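What follows is model-v6.cif (mmCIF, C-alpha atoms).
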data_target
#
loop_
_atom_site.label_atom_id
_atom_site.label_comp_id
_atom_site.auth_asym_id
_atom_site.auth_seq_id
_atom_site.Cartn_x
_atom_site.Cartn_y
_atom_site.Cartn_z
CA MET A 690 -89.37 123.06 7.49
CA LEU A 691 -88.52 119.41 7.05
CA LEU A 692 -89.93 119.38 3.50
CA ALA A 693 -88.10 122.58 2.63
CA SER A 694 -84.81 121.30 3.92
CA ALA A 695 -85.36 118.05 2.01
CA GLY A 696 -85.69 120.08 -1.16
CA LEU A 697 -82.83 122.48 -0.53
CA PRO A 698 -79.89 120.08 -0.98
CA LEU A 699 -81.26 119.00 -4.37
CA THR A 700 -81.54 122.62 -5.43
CA ALA A 701 -77.99 123.32 -4.31
CA HIS A 702 -76.73 120.37 -6.30
CA ALA A 703 -78.52 121.45 -9.47
CA HIS A 704 -75.77 123.80 -10.61
CA ALA A 705 -72.82 122.48 -8.68
CA ASN A 706 -71.00 121.34 -11.80
CA ALA A 707 -67.59 122.73 -11.01
CA GLY A 708 -65.44 124.28 -8.37
CA TRP A 709 -65.51 123.70 -4.66
CA ALA A 710 -69.21 122.84 -4.48
CA HIS A 711 -68.68 120.03 -6.98
CA GLY A 712 -65.69 118.73 -5.07
CA LEU A 713 -67.45 118.91 -1.72
CA LEU A 714 -70.46 117.01 -3.03
CA ASP A 715 -68.16 114.50 -4.67
CA GLY A 716 -66.35 113.90 -1.40
CA ALA A 717 -69.62 113.51 0.48
CA ALA A 718 -71.02 111.14 -2.14
CA VAL A 719 -67.85 109.04 -2.16
CA PHE A 720 -68.06 108.58 1.60
CA VAL A 721 -71.78 107.81 1.76
CA GLY A 722 -71.74 105.69 -1.38
CA THR A 723 -68.93 103.38 -0.32
CA VAL A 724 -69.68 100.78 2.33
CA GLU A 725 -65.97 100.17 3.03
CA TYR A 726 -65.67 103.78 4.21
CA LEU A 727 -69.05 104.08 5.90
CA LEU A 728 -68.94 101.02 8.12
CA PRO A 729 -65.68 101.69 10.02
CA VAL A 730 -66.83 105.20 10.90
CA LEU A 731 -70.24 103.90 12.02
CA ALA A 732 -68.58 101.14 14.05
CA ALA A 733 -66.21 103.64 15.71
CA ALA A 734 -69.20 105.86 16.54
CA LEU A 735 -71.17 102.98 18.06
CA LEU A 736 -68.10 101.99 20.07
CA SER A 737 -67.73 105.52 21.37
CA SER A 738 -71.42 105.97 22.09
CA ARG A 739 -71.05 105.01 25.72
CA GLU A 740 -69.08 108.18 26.36
CA THR A 741 -71.54 110.97 25.53
CA PRO A 742 -69.40 113.96 26.56
CA SER A 743 -66.51 112.92 24.39
CA ILE A 744 -68.39 112.21 21.13
CA ARG A 745 -68.12 115.79 19.95
CA CYS A 746 -64.46 116.02 20.98
CA SER A 747 -63.49 112.60 19.68
CA VAL A 748 -64.49 113.41 16.11
CA CYS A 749 -61.14 115.15 15.73
CA TYR A 750 -59.42 111.78 16.14
CA ILE A 751 -61.43 110.40 13.23
CA ALA A 752 -60.55 113.41 11.08
CA ALA A 753 -56.87 113.24 12.06
CA GLY A 754 -56.81 109.52 11.32
CA LEU A 755 -58.39 110.13 7.91
CA LEU A 756 -55.77 112.69 6.95
CA LEU A 757 -52.89 110.57 8.21
CA GLY A 758 -54.25 107.55 6.37
CA MET A 759 -54.44 109.51 3.12
CA PHE A 760 -50.81 110.61 3.58
CA CYS A 761 -49.70 107.05 4.30
CA ALA A 762 -51.47 105.85 1.17
CA TYR A 763 -48.53 107.17 -0.85
CA ALA A 764 -46.36 104.50 0.77
CA ALA A 765 -48.82 101.67 0.37
CA SER A 766 -49.13 100.06 -3.02
CA ASP A 767 -51.11 96.83 -2.88
CA ILE A 768 -54.81 97.66 -2.96
CA ILE A 769 -55.93 94.17 -1.98
CA VAL A 770 -53.55 93.91 0.98
CA VAL A 771 -54.63 97.32 2.28
CA ALA A 772 -58.30 96.41 1.86
CA LEU A 773 -57.70 93.09 3.62
CA ILE A 774 -56.08 94.76 6.62
CA ALA A 775 -58.88 97.34 6.73
CA GLN A 776 -61.58 94.65 6.71
CA ILE A 777 -59.83 92.64 9.42
CA TYR A 778 -59.78 95.80 11.52
CA LEU A 779 -63.46 96.45 10.71
CA SER A 780 -64.40 92.94 11.85
CA LEU A 781 -62.56 93.64 15.12
CA LEU A 782 -64.50 96.89 15.57
CA GLY A 783 -67.77 95.09 14.82
CA LEU A 784 -66.91 92.42 17.38
CA LEU A 785 -66.24 95.06 20.03
CA VAL A 786 -69.60 96.71 19.24
CA LEU A 787 -71.29 93.30 19.46
CA LEU A 788 -69.70 92.44 22.81
CA GLU A 789 -70.45 95.92 24.25
CA LEU A 790 -67.26 95.92 26.24
CA ARG A 791 -66.43 98.93 28.37
CA LEU A 792 -62.93 99.77 27.22
CA PRO A 793 -60.50 102.31 28.68
CA VAL A 794 -60.72 105.74 27.08
CA VAL A 795 -57.19 105.47 25.73
CA ILE A 796 -58.03 102.25 23.89
CA VAL A 797 -61.24 103.69 22.45
CA THR A 798 -59.37 106.80 21.32
CA LEU A 799 -56.77 104.65 19.60
CA LEU A 800 -59.49 102.56 17.95
CA ARG A 801 -61.20 105.71 16.62
CA PHE A 802 -57.93 107.07 15.29
CA LEU A 803 -57.10 103.78 13.59
CA ALA A 804 -60.60 103.57 12.12
CA GLY A 805 -60.10 106.96 10.51
CA GLY A 806 -56.62 105.93 9.43
CA MET A 807 -57.86 102.74 7.76
CA VAL A 808 -60.54 104.62 5.85
CA GLY A 809 -58.07 107.30 4.74
CA LEU A 810 -55.57 104.64 3.70
CA GLU A 811 -58.18 102.77 1.66
CA LEU A 812 -59.38 105.96 -0.01
CA GLY A 813 -55.89 107.18 -0.80
CA ASN A 814 -54.78 103.77 -2.00
CA SER A 815 -57.79 103.15 -4.22
CA THR A 816 -57.48 106.59 -5.83
CA ALA A 817 -53.66 106.59 -6.08
CA GLY A 818 -53.30 109.45 -3.61
CA ALA A 819 -55.75 111.65 -5.47
CA PRO A 820 -57.61 112.94 -2.36
CA LEU A 821 -54.61 115.00 -1.30
CA SER A 822 -54.47 116.71 -4.68
CA GLU A 823 -58.20 117.47 -4.57
CA PRO A 824 -58.73 119.54 -1.42
CA ALA A 825 -62.45 120.10 -1.99
CA LEU A 826 -63.13 116.38 -2.32
CA THR A 827 -60.99 115.66 0.73
CA LEU A 828 -62.78 118.30 2.76
CA GLY A 829 -66.20 117.06 1.70
CA PHE A 830 -65.20 113.51 2.57
CA ILE A 831 -63.81 114.37 5.99
CA VAL A 832 -66.70 116.68 6.92
CA THR A 833 -69.27 114.06 5.91
CA ALA A 834 -67.42 111.33 7.78
CA ALA A 835 -67.15 113.52 10.86
CA GLY A 836 -70.82 114.47 10.65
CA MET A 837 -71.91 110.86 10.27
CA TYR A 838 -69.67 109.84 13.17
CA THR A 839 -71.00 112.58 15.45
CA ALA A 840 -74.65 112.02 14.54
CA THR A 841 -74.41 108.26 14.99
CA GLY A 842 -72.50 108.57 18.24
CA LEU A 843 -74.92 111.08 19.71
CA ILE A 844 -77.98 109.04 18.69
CA ALA A 845 -76.48 105.81 20.02
CA SER A 846 -75.42 107.51 23.27
CA HIS A 847 -79.09 108.31 23.99
CA VAL A 848 -79.95 104.64 23.73
CA ARG A 849 -80.79 103.47 27.18
CA THR A 850 -83.33 100.65 27.18
CA GLY A 851 -82.35 97.00 26.86
CA TRP A 852 -83.97 96.53 23.46
CA GLN A 853 -82.18 99.52 22.03
CA ARG A 854 -78.83 98.23 23.21
CA ILE A 855 -79.65 94.83 21.70
CA ALA A 856 -80.28 96.57 18.38
CA ILE A 857 -76.77 98.02 18.56
CA ARG A 858 -75.39 94.54 19.21
CA ILE A 859 -77.27 93.24 16.19
CA VAL A 860 -75.75 96.00 14.06
CA GLY A 861 -72.35 94.95 15.43
CA SER A 862 -72.99 91.37 14.27
CA TRP A 863 -73.95 92.66 10.82
CA ILE A 864 -70.71 94.66 10.63
CA VAL A 865 -68.67 91.57 11.52
CA ALA A 866 -70.56 89.48 8.97
CA ILE A 867 -70.10 91.98 6.14
CA ALA A 868 -66.41 92.44 6.91
CA VAL A 869 -65.68 88.70 7.06
CA ILE A 870 -67.52 88.02 3.80
CA TYR A 871 -65.57 90.80 2.12
CA ILE A 872 -62.33 89.31 3.49
CA ALA A 873 -63.27 86.01 1.84
CA TYR A 874 -63.93 87.83 -1.42
CA LEU A 875 -60.54 89.59 -1.23
CA ILE A 876 -58.81 86.25 -0.57
CA ARG A 877 -60.54 84.86 -3.64
CA GLN A 878 -59.27 87.82 -5.67
CA PHE A 879 -55.78 87.40 -4.25
CA ARG A 880 -55.53 83.73 -5.30
CA MET B 466 -84.19 127.50 44.40
CA SER B 467 -84.82 123.74 44.24
CA ARG B 468 -88.04 124.36 42.27
CA LEU B 469 -86.12 126.40 39.71
CA ARG B 470 -83.56 123.64 39.37
CA TYR B 471 -86.34 121.08 38.96
CA ARG B 472 -87.94 123.13 36.12
CA ARG B 473 -84.55 123.58 34.45
CA VAL B 474 -83.89 119.84 34.59
CA ARG B 475 -87.35 119.08 33.20
CA VAL B 476 -86.82 121.47 30.28
CA THR B 477 -83.40 119.93 29.61
CA GLN B 478 -84.86 116.44 29.66
CA ARG B 479 -87.65 117.48 27.29
CA HIS B 480 -85.22 119.10 24.86
CA GLY B 481 -82.67 116.35 25.38
CA SER B 482 -85.20 113.70 24.41
CA ARG B 483 -85.79 115.50 21.08
CA LEU B 484 -82.13 115.42 20.18
CA PRO B 485 -81.99 111.87 18.77
CA ALA B 486 -85.14 112.49 16.72
CA CYS B 487 -83.71 115.72 15.31
CA LEU B 488 -80.45 114.05 14.44
CA ILE B 489 -82.20 111.15 12.76
CA ALA B 490 -84.37 113.58 10.78
CA ALA B 491 -81.35 115.64 9.78
CA THR B 492 -79.45 112.58 8.63
CA LEU B 493 -82.41 111.29 6.64
CA VAL B 494 -82.93 114.69 5.05
CA ALA B 495 -79.30 114.88 4.00
CA MET B 496 -79.21 111.37 2.58
CA PRO B 497 -81.26 111.94 -0.62
CA ALA B 498 -79.01 114.75 -1.78
CA LEU B 499 -75.90 112.72 -1.16
CA VAL B 500 -77.37 109.65 -2.85
CA ASN B 501 -78.44 111.70 -5.87
CA ALA B 502 -75.07 113.36 -6.28
CA HIS B 503 -72.78 111.68 -8.80
CA THR B 504 -74.37 108.31 -8.98
CA GLY B 505 -71.93 107.06 -11.59
CA ALA B 506 -69.84 104.93 -9.30
CA GLY B 507 -72.60 104.56 -6.74
CA ALA B 508 -75.21 103.11 -9.06
CA ALA B 509 -73.42 99.77 -9.36
CA GLY B 510 -72.99 99.68 -5.60
CA TYR B 511 -76.62 100.30 -4.83
CA GLY B 512 -77.58 97.82 -7.54
CA GLY B 513 -75.41 95.26 -5.77
CA PHE B 514 -77.04 96.16 -2.46
CA ILE B 515 -80.53 95.67 -3.92
CA SER B 516 -79.43 92.41 -5.46
CA GLY B 517 -78.11 91.17 -2.13
CA LEU B 518 -81.19 92.43 -0.33
CA LEU B 519 -83.48 90.59 -2.73
CA HIS B 520 -81.57 87.30 -2.67
CA PRO B 521 -82.99 86.02 0.64
CA VAL B 522 -86.31 87.79 0.13
CA THR B 523 -87.11 86.40 -3.33
CA GLY B 524 -86.19 82.87 -2.31
CA LEU B 525 -89.20 81.52 -0.43
CA ASP B 526 -87.09 78.73 1.05
CA HIS B 527 -84.88 81.38 2.67
CA VAL B 528 -87.82 83.51 3.77
CA VAL B 529 -89.68 80.75 5.61
CA ALA B 530 -86.58 79.59 7.45
CA MET B 531 -85.54 83.10 8.51
CA VAL B 532 -89.04 83.95 9.72
CA ALA B 533 -89.10 80.63 11.59
CA VAL B 534 -85.85 81.57 13.38
CA GLY B 535 -87.42 84.81 14.57
CA LEU B 536 -90.66 83.05 15.57
CA TRP B 537 -88.81 80.33 17.44
CA GLY B 538 -86.75 82.95 19.26
CA ALA B 539 -89.99 84.66 20.31
CA ILE B 540 -91.31 81.32 21.62
CA LEU B 541 -88.10 80.61 23.53
CA GLY B 542 -88.12 84.10 25.01
CA ALA B 543 -85.13 85.98 26.38
CA PRO B 544 -82.24 85.60 25.80
CA ALA B 545 -82.94 83.49 22.68
CA ILE B 546 -85.21 86.15 21.20
CA TRP B 547 -82.21 88.39 20.63
CA ALA B 548 -79.37 85.86 20.79
CA LEU B 549 -80.61 83.83 17.81
CA PRO B 550 -80.79 86.84 15.44
CA ILE B 551 -77.26 87.75 16.54
CA ALA B 552 -75.83 84.24 16.25
CA PHE B 553 -77.49 83.36 12.94
CA PRO B 554 -75.74 86.03 10.78
CA LEU B 555 -72.41 85.22 12.39
CA VAL B 556 -72.65 81.50 11.66
CA MET B 557 -74.21 82.23 8.27
CA THR B 558 -71.05 84.22 7.52
CA PHE B 559 -69.00 81.07 7.94
CA GLY B 560 -71.16 79.33 5.35
CA ALA B 561 -70.96 82.39 3.10
CA VAL B 562 -67.16 82.33 3.32
CA LEU B 563 -67.18 78.70 2.18
CA GLY B 564 -69.44 79.67 -0.71
CA VAL B 565 -67.28 82.65 -1.71
CA LEU B 566 -64.10 80.55 -1.63
CA GLY B 567 -65.77 77.86 -3.73
CA VAL B 568 -65.60 75.15 -1.08
CA PRO B 569 -68.29 72.66 -2.08
CA LEU B 570 -70.93 71.68 0.42
CA PRO B 571 -73.12 68.70 -0.44
CA GLY B 572 -76.88 68.98 -0.38
CA ILE B 573 -77.26 72.75 -0.09
CA GLU B 574 -80.83 72.81 -1.37
CA THR B 575 -81.70 69.81 0.77
CA GLY B 576 -80.24 71.47 3.84
CA ILE B 577 -82.13 74.69 3.18
CA ALA B 578 -85.38 72.77 2.69
CA ALA B 579 -84.70 70.77 5.85
CA SER B 580 -84.25 74.02 7.78
CA GLY B 581 -87.81 74.99 6.89
CA ILE B 582 -89.13 71.58 7.97
CA VAL B 583 -87.26 71.42 11.27
CA LEU B 584 -87.69 75.04 12.33
CA GLY B 585 -91.33 75.07 11.26
CA THR B 586 -91.90 71.92 13.30
CA MET B 587 -90.22 73.49 16.33
CA VAL B 588 -92.58 76.47 16.07
CA MET B 589 -95.61 74.24 15.47
CA LEU B 590 -94.86 72.09 18.50
CA ASN B 591 -93.95 75.12 20.65
CA ALA B 592 -90.70 73.32 21.40
CA ARG B 593 -88.51 74.84 24.11
CA PRO B 594 -85.25 72.91 24.17
CA PRO B 595 -82.20 74.22 26.05
CA LEU B 596 -80.57 77.25 24.46
CA ALA B 597 -77.49 75.27 23.47
CA VAL B 598 -79.64 72.82 21.48
CA ALA B 599 -81.46 75.68 19.75
CA PHE B 600 -78.16 77.35 18.91
CA SER B 601 -76.70 74.13 17.51
CA LEU B 602 -79.73 73.52 15.34
CA ILE B 603 -79.86 76.98 13.81
CA SER B 604 -76.09 77.02 13.37
CA VAL B 605 -76.20 73.94 11.16
CA PHE B 606 -78.88 75.47 8.97
CA ALA B 607 -77.22 78.90 8.94
CA ILE B 608 -74.20 77.36 7.21
CA PHE B 609 -76.36 76.05 4.37
CA HIS B 610 -78.12 79.39 3.91
CA GLY B 611 -74.86 81.29 4.07
CA HIS B 612 -73.23 79.03 1.50
CA ALA B 613 -76.12 79.62 -0.90
CA HIS B 614 -75.78 83.40 -0.56
CA GLY B 615 -71.99 83.43 -0.67
CA ALA B 616 -71.78 81.25 -3.76
CA GLU B 617 -73.69 83.91 -5.69
CA LEU B 618 -71.46 86.81 -4.61
CA PRO B 619 -70.85 88.83 -7.77
CA GLU B 620 -67.43 88.42 -9.36
CA SER B 621 -67.08 92.07 -10.23
CA GLY B 622 -68.67 95.32 -9.24
CA VAL B 623 -69.16 95.93 -5.55
CA PRO B 624 -69.51 92.64 -3.67
CA VAL B 625 -69.45 94.33 -0.29
CA PHE B 626 -72.79 95.96 -1.15
CA TYR B 627 -74.20 92.54 -2.04
CA ALA B 628 -72.92 91.13 1.26
CA ALA B 629 -74.42 94.05 3.18
CA GLY B 630 -77.72 93.52 1.35
CA PHE B 631 -78.21 89.86 2.17
CA VAL B 632 -76.96 90.20 5.76
CA ILE B 633 -79.39 93.05 6.43
CA ALA B 634 -82.24 91.28 4.64
CA THR B 635 -81.66 88.19 6.78
CA GLY B 636 -81.76 90.30 9.92
CA LEU B 637 -84.96 92.02 8.83
CA LEU B 638 -86.61 88.66 8.12
CA HIS B 639 -85.69 87.55 11.64
CA LEU B 640 -87.22 90.75 12.94
CA SER B 641 -90.44 90.04 11.06
CA GLY B 642 -90.55 86.62 12.68
CA ILE B 643 -90.05 88.20 16.11
CA ALA B 644 -92.79 90.72 15.32
CA LEU B 645 -95.14 87.84 14.43
CA GLY B 646 -94.15 86.30 17.76
CA LEU B 647 -95.84 89.24 19.51
CA LEU B 648 -99.10 87.41 18.77
CA LEU B 649 -98.12 84.91 21.45
CA ARG B 650 -99.61 87.25 24.03
CA TRP B 651 -103.10 86.17 23.03
CA PRO B 652 -104.59 82.65 22.97
CA ALA B 653 -105.73 83.05 19.37
CA GLY B 654 -102.30 84.40 18.55
CA ARG B 655 -100.64 81.30 19.96
CA VAL B 656 -102.81 79.17 17.67
CA ALA B 657 -101.93 81.42 14.75
CA VAL B 658 -98.21 81.11 15.47
CA ARG B 659 -98.40 77.33 15.64
CA GLY B 660 -100.38 77.36 12.41
CA THR B 661 -97.66 79.48 10.83
CA GLY B 662 -95.11 76.91 11.99
CA ALA B 663 -97.13 74.18 10.33
CA CYS B 664 -97.25 76.16 7.09
CA ILE B 665 -93.49 76.70 7.25
CA ALA B 666 -92.92 72.98 7.79
CA ALA B 667 -95.23 72.14 4.90
CA ALA B 668 -93.38 74.58 2.67
CA GLY B 669 -90.14 72.92 3.72
CA VAL B 670 -91.51 69.52 2.67
CA TYR B 671 -92.46 70.98 -0.72
CA PHE B 672 -88.96 72.45 -1.19
CA LEU B 673 -87.35 69.17 -0.12
CA LEU B 674 -89.39 67.19 -2.63
CA SER B 675 -88.54 69.75 -5.32
CA ALA B 676 -84.86 69.51 -4.47
CA LEU B 677 -84.91 65.70 -4.54
CA ILE B 678 -86.85 65.55 -7.80
CA SER B 679 -84.57 68.05 -9.52
CA ALA B 680 -81.39 66.46 -8.16
CA PRO B 681 -79.07 64.89 -10.78
CA GLY B 682 -79.96 61.30 -11.41
CA ALA B 683 -83.38 61.61 -9.87
CA GLY B 684 -86.16 59.87 -11.70
CA SER B 685 -83.80 57.96 -13.98
#

Since I need it in another form, could you write the structure as structure tokens?
Amino acid sequence: MLLASAGLPLTAHAHANAGWAHGLLDGAAVFVGTVEYLLPVLAAALLSSRETPSIRCSVCYIAAGLLLGMFCAYAASDIIVVALIAQIYLSLLGLLVLLELRLPVVIVTLLRFLAGGMVGLELGNSTAGAPLSEPALTLGFIVTAAGMYTATGLIASHVRTGWQRIAIRIVGSWIVAIAVIYIAYLIRQFR
Amino acid sequence: MSRLRYRRVRVTQRHGSRLPACLIAATLVAMPALVNAHTGAGAAGYGGFISGLLHPVTGLDHVVAMVAVGLWGAILGAPAIWALPIAFPLVMTFGAVLGVLGVPLPGIETGIAASGIVLGTMVMLNARPPLAVAFSLISVFAIFHGHAHGAELPESGVPVFYAAGFVIATGLLHLSGIALGLLLRWPAGRVAVRGTGACIAAAGVYFLLSALISAPGAGS
């Protein structure tokens, strides 16, 4: 079954040259293929992983944040400034994952929503608002992001032993490191 | 009634324990299709990721030092065994930022070579200084390594992939050092680990001599 399901997606892609299938795959590929979009969602999922019952419910906050971010992208104009703010926020998320703080549910909810918002803002800003005019791509992007968020959150929520929690902290340190280095790169581009 | 509840809980636990594995399998199965789809923009990104991943791995001076950090953490035991691999990337980031911003740091190659010598010696001597001393030592060397990686951040393309690549590669090298440290359970393993430390220190001496010989003005 595993081998068959590994082959199926490739078969489905073989003739998805146009229409909704093409747009959906495009949206999924854009999300998975762009680290700036992937990392905030993963960080938000790891942050939320301590609250197992709410992982499935909380994905709606990510999706809502994504949509709102894409809308707000019409108002934002400077790509580098938006990217800089998004990476500063990502480094904060990574730090929270690293420290493994138990935060109030309201704060975690807000962090998830903002994570989705940052990603949506970056996507909308870098594509000049195109996601809203391409519903299939937007849907594929949001569904993939939500799926990745839910899968990561559910996997991480089953992590119980000390070593497994340390692995999550290490991933948090990697997220901080990548975000800070990218901030330095953006500052270099800004100068 | 209680027996029924016990069986129900056992079944739930059995099925519940399969959930992470199923999710991991599902995610892995989905990945190839997503990676294969529309690789126009993604190809440069993944090329940058591979480039970043290979940068620490193809530089033997980086490899020996990173493995030595993991080995030394294994010797020091908890909490250093996990605290060092967490602290190193964070401090390395500071050095990488200096490299990206073009802030010059004197003696980068010398510092990297010295990291191999010092850390290899620590492993060889089975040194167990206080955690603060260990942290300070690896922090100094992490800055040199980070600067070397950051200075080669690509100007164009997808630098964040490159950054992700070398950060993850550094972490995996630490992990390999920690895995080697599992040999410490056996007497022969302890000898092997100390021997590895000696080899790392010797490699560091070689790199230091190479750096000094190839330095500007050397040999004139």

Within 12 Å of segment 780-789 of chain A: each segment 508-622 of chain B residue with its shortest pair, all atoms listed in the file, as a tab-separated table:
residue	atom	partner	partner_atom	distance
B:Ala548	CA	A:Leu787	CA	11.1
B:Ile551	CA	A:Leu787	CA	8.7
B:Ala552	CA	A:Leu787	CA	10.6
B:Leu555	CA	A:Leu784	CA	10.3
B:Thr558	CA	A:Ser780	CA	11.8

Once the PyMOL selection byres ((chain A) within 8 of (chain B)) is applied to the coordinates I shared, what remains selected? I want it as a PDB file with C-alpha atoms, in the coordinates of the input.
ATOM      1  CA  LEU A 691     -88.520 119.410   7.050  1.00  0.00           C
ATOM      2  CA  SER A 694     -84.810 121.300   3.920  1.00  0.00           C
ATOM      3  CA  ALA A 695     -85.360 118.050   2.010  1.00  0.00           C
ATOM      4  CA  PRO A 698     -79.890 120.080  -0.980  1.00  0.00           C
ATOM      5  CA  LEU A 699     -81.260 119.000  -4.370  1.00  0.00           C
ATOM      6  CA  HIS A 702     -76.730 120.370  -6.300  1.00  0.00           C
ATOM      7  CA  LEU A 714     -70.460 117.010  -3.030  1.00  0.00           C
ATOM      8  CA  ASP A 715     -68.160 114.500  -4.670  1.00  0.00           C
ATOM      9  CA  ALA A 717     -69.620 113.510   0.480  1.00  0.00           C
ATOM     10  CA  ALA A 718     -71.020 111.140  -2.140  1.00  0.00           C
ATOM     11  CA  VAL A 719     -67.850 109.040  -2.160  1.00  0.00           C
ATOM     12  CA  VAL A 721     -71.780 107.810   1.760  1.00  0.00           C
ATOM     13  CA  GLY A 722     -71.740 105.690  -1.380  1.00  0.00           C
ATOM     14  CA  THR A 723     -68.930 103.380  -0.320  1.00  0.00           C
ATOM     15  CA  VAL A 724     -69.680 100.780   2.330  1.00  0.00           C
ATOM     16  CA  GLU A 725     -65.970 100.170   3.030  1.00  0.00           C
ATOM     17  CA  MET A 837     -71.910 110.860  10.270  1.00  0.00           C
ATOM     18  CA  ALA A 840     -74.650 112.020  14.540  1.00  0.00           C
ATOM     19  CA  LEU A 843     -74.920 111.080  19.710  1.00  0.00           C
ATOM     20  CA  ILE A 844     -77.980 109.040  18.690  1.00  0.00           C
ATOM     21  CA  HIS A 847     -79.090 108.310  23.990  1.00  0.00           C
ATOM     22  CA  ILE A 855     -79.650  94.830  21.700  1.00  0.00           C
ATOM     23  CA  ARG A 858     -75.390  94.540  19.210  1.00  0.00           C
ATOM     24  CA  ILE A 859     -77.270  93.240  16.190  1.00  0.00           C
ATOM     25  CA  SER A 862     -72.990  91.370  14.270  1.00  0.00           C
ATOM     26  CA  TRP A 863     -73.950  92.660  10.820  1.00  0.00           C
ATOM     27  CA  VAL A 865     -68.670  91.570  11.520  1.00  0.00           C
ATOM     28  CA  ALA A 866     -70.560  89.480   8.970  1.00  0.00           C
ATOM     29  CA  ILE A 867     -70.100  91.980   6.140  1.00  0.00           C
ATOM     30  CA  VAL A 869     -65.680  88.700   7.060  1.00  0.00           C
ATOM     31  CA  ILE A 870     -67.520  88.020   3.800  1.00  0.00           C
ATOM     32  CA  TYR A 871     -65.570  90.800   2.120  1.00  0.00           C
ATOM     33  CA  ALA A 873     -63.270  86.010   1.840  1.00  0.00           C
ATOM     34  CA  TYR A 874     -63.930  87.830  -1.420  1.00  0.00           C
ATOM     35  CA  ILE A 876     -58.810  86.250  -0.570  1.00  0.00           C
ATOM     36  CA  ARG A 877     -60.540  84.860  -3.640  1.00  0.00           C
TER      37      ARG A 877
END

Find the residues near Leu800 of chain A: any atom within 12 Å, counting only C-alpha atoms, skip ones fewer than 4 places away on the same chain, and give them as a PyMOL selection string. chain A and resi 729-730+732-737+747+750-751+754+778-779+781-783+785-786+792-796+804-807

Given all atoms listed in the file as the basis, pick out the residue of A:Gln776, A:Leu756, A:Val770, A:Ser738 nearest to Thr841 of chain A. A:Ser738

Calculate how many Å separate atom CA of Arg659 of chain B from atom CA of Ile546 of chain B, rounding to one decimal.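 If I compute the distance from atom CA of Arg659 of chain B to atom CA of Ile546 of chain B, I get 16.8 Å.
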
Contact residues around Pro594 of chain B with all atoms listed in the file at 10 Å, ignoring same-chain residues under 6 positions, as number ranges by chain: B: 541, 587, 600

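Using only C-alpha atoms, the shortest contact distance between Ala530 of chain B and any of B:Ile515, B:Ala666, B:Leu677, B:Leu549 is found at B:Ala666.
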
Straight-line distance linking atom CA of Gly517 of chain B with atom CA of Ala613 of chain B, stated in Å to one decimal: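 Separating atom CA of Gly517 of chain B from atom CA of Ala613 of chain B is a distance of 11.8 Å.
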
If you apply the PyMOL selection byres ((chain A and resi 826) around 6) to this file, what residues do you get, as a PyMOL selection string? chain A and resi 712-713+715-716+823-825+827-829

Contact residues around Gly524 of chain B with all atoms listed in the file at 12 Å, ignoring same-chain residues under 3 positions, as a list in words: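 Non-adjacent residues within range: Gly517, Leu518, Leu519, His520, Pro521, His527, Val528, Val529, Ala530, Met531, Glu574, Ile577, Ala578, His610, Ala613, His614, Phe631, Ala634, Thr635, Leu638 and Phe672 of chain B.
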
With C-alpha atoms retained, write the just-selected residues as a PDB file, keeping the file's coordinate frame.
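The resulting file, again17.pdb, is reproduced below:
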ATOM      1  CA  GLY B 517     -78.110  91.170  -2.130  1.00  0.00           C
ATOM      2  CA  LEU B 518     -81.190  92.430  -0.330  1.00  0.00           C
ATOM      3  CA  LEU B 519     -83.480  90.590  -2.730  1.00  0.00           C
ATOM      4  CA  HIS B 520     -81.570  87.300  -2.670  1.00  0.00           C
ATOM      5  CA  PRO B 521     -82.990  86.020   0.640  1.00  0.00           C
ATOM      6  CA  HIS B 527     -84.880  81.380   2.670  1.00  0.00           C
ATOM      7  CA  VAL B 528     -87.820  83.510   3.770  1.00  0.00           C
ATOM      8  CA  VAL B 529     -89.680  80.750   5.610  1.00  0.00           C
ATOM      9  CA  ALA B 530     -86.580  79.590   7.450  1.00  0.00           C
ATOM     10  CA  MET B 531     -85.540  83.100   8.510  1.00  0.00           C
ATOM     11  CA  GLU B 574     -80.830  72.810  -1.370  1.00  0.00           C
ATOM     12  CA  ILE B 577     -82.130  74.690   3.180  1.00  0.00           C
ATOM     13  CA  ALA B 578     -85.380  72.770   2.690  1.00  0.00           C
ATOM     14  CA  HIS B 610     -78.120  79.390   3.910  1.00  0.00           C
ATOM     15  CA  ALA B 613     -76.120  79.620  -0.900  1.00  0.00           C
ATOM     16  CA  HIS B 614     -75.780  83.400  -0.560  1.00  0.00           C
ATOM     17  CA  PHE B 631     -78.210  89.860   2.170  1.00  0.00           C
ATOM     18  CA  ALA B 634     -82.240  91.280   4.640  1.00  0.00           C
ATOM     19  CA  THR B 635     -81.660  88.190   6.780  1.00  0.00           C
ATOM     20  CA  LEU B 638     -86.610  88.660   8.120  1.00  0.00           C
ATOM     21  CA  PHE B 672     -88.960  72.450  -1.190  1.00  0.00           C
TER      22      PHE B 672
END
